[in-house]
Amino acid sequence: MDTTNTIKQLLRNQLEALGLSVSIEDIQLTIPKSLEFGDFSTNAAMIFAKKLNKKSWDFALELATGLQDPTLVKVVAVPPGFINFFVSSNVYDSLINEIYQKGPAFGKKSFNGKRINVEFVSANPTGELHLGHARGAAVGDAISRILENDGYEVTREYYVNDAGNQINNLALSLRSRYLDLYKIKNVFPEDGYHSLGLIDIAKDLQTKYGDTLIHSDDLEIFRRFGKLAELKQIKKVLRQFRIKFDVFTFETKLRKPKLIKHYLDLLRPNTYVLDEALFLKTSAYLDDKDRPIQKSNGEYTYLLPDIIYHDDKARRGYDQLIDVLGADHHGYINRMKSALMMLGYPKDLLEIEIIQMVRLIKDGVEFKMSKRSGNAVSMEELMNDVGVDAVRYFFLEKAPSSHLDFDLTLAMDHSTKNPLYYIEYAHARLFKMIEKAQKVITPLFETNLLTSEVETALLKCLNDYKKEVEEASRARLPSKVTNYLQRLSSLVHQFYVSSRVLGNDVEALSRQRLALCIATRIIINNGLNLLGIKAYNNM
RNA sequence: GUUCGUGUAGCUCAGCUGGAUAGAGCAUCCCCCUCCUAAGGGGAAGGUCGGGGAUUCGAAUUCCUCCACGAACGCCA
């Protein structure tokens with residue numbers, strides 16, 4: 001019989017002795033969050049006290065005194081009426097050993113047979129990536145890393161919207177810049193893209209084609225050249241941010257007449273014509289109203305290629321599709337899910353993670369970011385000024401669903417206010433100390449001497465790693481990992497100050513503490529790796 | 001108006017599959033380097049967990065309702 005059942009049985013017997021007959025199933029035994037509450041805990045006294053007309057606390061004391069078993073080291077009642085069970089003491093030996101043996105692989109699960117596609121960033125190739133994209137990039141990549149760690153095979157995908165109005169605007173803007181180079185009078189498009197990068201692209205165009213395009217009415221060459229140049233720049237920035245996409249899917253590849261026709265036929269039963277436009281009956285599923293897929297002028301809306309795209313992803317055999325999208329795509333969720341349901345997919349094949357807005361604060365005041373204005377801060381600029389590690393950390397430490405104030409003044413100031421330094425410092429301290437200590441002693445991977453409050457807490461925290469990382473994967477919340485690392489680092493600093501590794505009277509204590517440091521450093525390193533943040537050996 | 005998100009310390013936010021004294025960073029005040037990195041540690045102060053109601057032995061957490069802020073509600077993508 002396992003410990004849980006032993007304790008439950010014990011409780012049942014004791015309750016009976018006190019005049020209450022309950023079944024085993026009604027007894028709740030949990031593993032407490034905090035170490036001080038023992039290995040198991042029950043709320044039985046609080047639940048059953050009322051039946052005997054007793055106070056929870058009195059009843060807990062009464063109940064606890066009768067609970068004895070060879071497997072139990074200690075049984076205590078605590079206000080307001082919990083009864084805590086302590087089973088054994090040296091449970092952490094195997095943990096420390098496992099962390100040391102597995103190193104970077106500790107906590108990483110083997111392939112569970114499930115494949116997940118994570119689509120993120122997917123910015124239109126019409127200009128620079130901005131802050132919102134940076135947040136999406138950090139979150140999408142961290143979620144991917146966390147899922148991989150949890151045993152999933154992950155494909156990172158970028159959808160390139162290279163058809164439609166925005167690309168025409170890009171082409172027109174580029175042509176205008178190109179004509180400017182020849183001092184030819186022209187009108188910059190009203191919704192054109194003002195980024196300075198476009199002028200450089202125009203120059204490249206000039207280098208390649210000379211003046212042969214001046215009288216060309218064909219926009220196609222401007223479209224192609226412009227989008228590829230923009231995409232190249234985007235990829236460069238993402239690479240610098242340590243993100244490599246596995247798949248780029250182009251909207252133009254999905255806008256093939258044959259494909260469109262095929263999908264129109266497929267969706268036909270779910271459509272109707274209104275005012276010469278073709279509407280998809282998404283409201284029959286999850287949406288609050290129907291959505292047009294073909295305009296009255298015969299053009300298709302973005303929705304149709306997007307449906308084709310999602311079906312394309314689904315057909316590639318993923319068990320789960322995740323889209324990481326900005327808050328402005330909020331209304332998109334139900335219409336895309338509805339469309340996929342029409343094609344016969346389950347409701348939750350597609351999961352959409354909405355990333356809330358980033359508000360930019362500079363010198364204490366908000367300034368609006370605009371795609372057009374020259375003073376919007378780009379992702380590249382941010383990365384160069386703040387550093388990749390810090391940018392990632394800033395964006396990951398808060399849940400994606402909460403609005404984020406990005407304080408530029410603070411971030412660009414390389415100061416100690418940066419919460420990432422706290423973790424990095426803990427890592428560097430451990431690293432240097434381990435390096436030093438290993439010249440004198442060898443680690444002993446046992447824990448019987450590690451009994452101080454901070455040592456016990458540290459062991460417990462290391463033990464939590466797997467659980468936290470699993471939770472982060474399940475909830476798609478990288479912030480669980482940043483929070484965990486903060487907590488762990490705090491314990492590291494406390495430990496560092498209070499518990500010297502070298503120079504103890506008892507050599508075994510030094511050696512066990514060294515082993516604890518080695519294990520802890522590995523965990524910090526592994527945790528940071530899940531966030532795409534580098535761990536440094538000195539600061 | 002509808003849908004979604006958010007409301008927790010002076011500020012920025014954790015905590016939310018109900019549980020034990022509601023936590024951290026920054027800011028303020030006081031201590032701690034002859035000794036493994038003081039980018040650190042210890043302590044003080046700071047809270048009607050937006051308001052109200054319900055369920056429960058127990059609610060920041062679940063449910064209802066109201067308020068405030070943000071986002072989306074286009075034959076744009």
# chains A, B, ... in the order shown; residues from 1 in each chain; ligands from 1
call {"tool": "residues_around", "arguments": {"residues": "G42 of chain B", "least_positions_apart": "2", "cutoff": "10 Å", "atoms": "only C-alpha atoms (C1' of nucleotides)", "output": "number ranges by chain"}}
result
A: 494; B: 31-32
call {"tool": "interface_residues", "arguments": {"of": "chain B", "to": "chain A", "cutoff": "12 Å", "atoms": "only C-alpha atoms (C1' of nucleotides)", "output": "MDAnalysis selection string"}}
result
chainID B and resid 2:7 11:15 17 19:21 23:27 32:33 35:42 56:58 69:77
call {"tool": "atom_distance", "arguments": {"atom1": "atom CA of Lys253 of chain A", "atom2": "atom CA of Phe188 of chain A"}}
result
29.1 Å
call {"tool": "select_by_dssp", "arguments": {"residues": "segment 184-302 of chain A", "states": "strand (DSSP E or B)", "output": "list in words"}}
result
Val247, Phe248, Thr249, Phe250, Thr271, Tyr272, Val273, Leu274, Ala277, Leu278, Phe279, Leu280, Arg291, Pro292, Ile293, Gln294 and Tyr300 of chain A
call {"tool": "write_last_selection", "arguments": {"atoms": "C-alpha atoms", "output": "short mmCIF file (atom, residue, chain, number, x, y, z; two decimals), in the first residue's frame"}}
result
data_model
loop_
_atom_site.label_atom_id
_atom_site.label_comp_id
_atom_site.auth_asym_id
_atom_site.auth_seq_id
_atom_site.Cartn_x
_atom_site.Cartn_y
_atom_site.Cartn_z
CA VAL A 247 8.56 27.54 -42.29
CA PHE A 248 7.60 30.70 -44.18
CA THR A 249 4.29 30.41 -45.95
CA PHE A 250 3.43 33.03 -48.57
CA THR A 271 -22.22 30.51 -47.85
CA TYR A 272 -24.83 32.86 -49.27
CA VAL A 273 -24.81 35.91 -51.49
CA LEU A 274 -25.81 39.28 -50.11
CA ALA A 277 -20.84 39.66 -51.94
CA LEU A 278 -20.31 36.10 -50.77
CA PHE A 279 -20.76 35.58 -47.04
CA LEU A 280 -19.57 32.69 -44.91
CA ARG A 291 -18.17 37.27 -42.64
CA PRO A 292 -17.61 38.07 -46.30
CA ILE A 293 -15.06 36.00 -48.14
CA GLN A 294 -15.61 37.55 -51.55
CA TYR A 300 -11.47 37.90 -52.11
#
call {"tool": "residues_around", "arguments": {"residues": "Ser23 of chain A", "least_positions_apart": "3", "cutoff": "9 Å", "atoms": "only C-alpha atoms (C1' of nucleotides)", "output": "ChimeraX atom specification"}}
result
/A:12,26-27
call {"tool": "write_last_selection", "arguments": {"atoms": "N, CA and C atoms", "output": "mmCIF file, in the first residue's frame"}}
result
data_model
loop_
_atom_site.group_PDB
_atom_site.id
_atom_site.type_symbol
_atom_site.label_atom_id
_atom_site.label_comp_id
_atom_site.auth_asym_id
_atom_site.auth_seq_id
_atom_site.Cartn_x
_atom_site.Cartn_y
_atom_site.Cartn_z
ATOM 1 N N ARG A 12 -9.239 7.518 8.371
ATOM 2 C CA ARG A 12 -10.577 6.948 8.407
ATOM 3 C C ARG A 12 -10.832 6.219 9.736
ATOM 4 N N ASP A 26 -13.922 10.250 0.657
ATOM 5 C CA ASP A 26 -14.258 11.575 1.169
ATOM 6 C C ASP A 26 -13.089 12.261 1.884
ATOM 7 N N ILE A 27 -12.003 11.548 1.976
ATOM 8 C CA ILE A 27 -10.851 12.135 2.660
ATOM 9 C C ILE A 27 -9.895 12.735 1.638
#
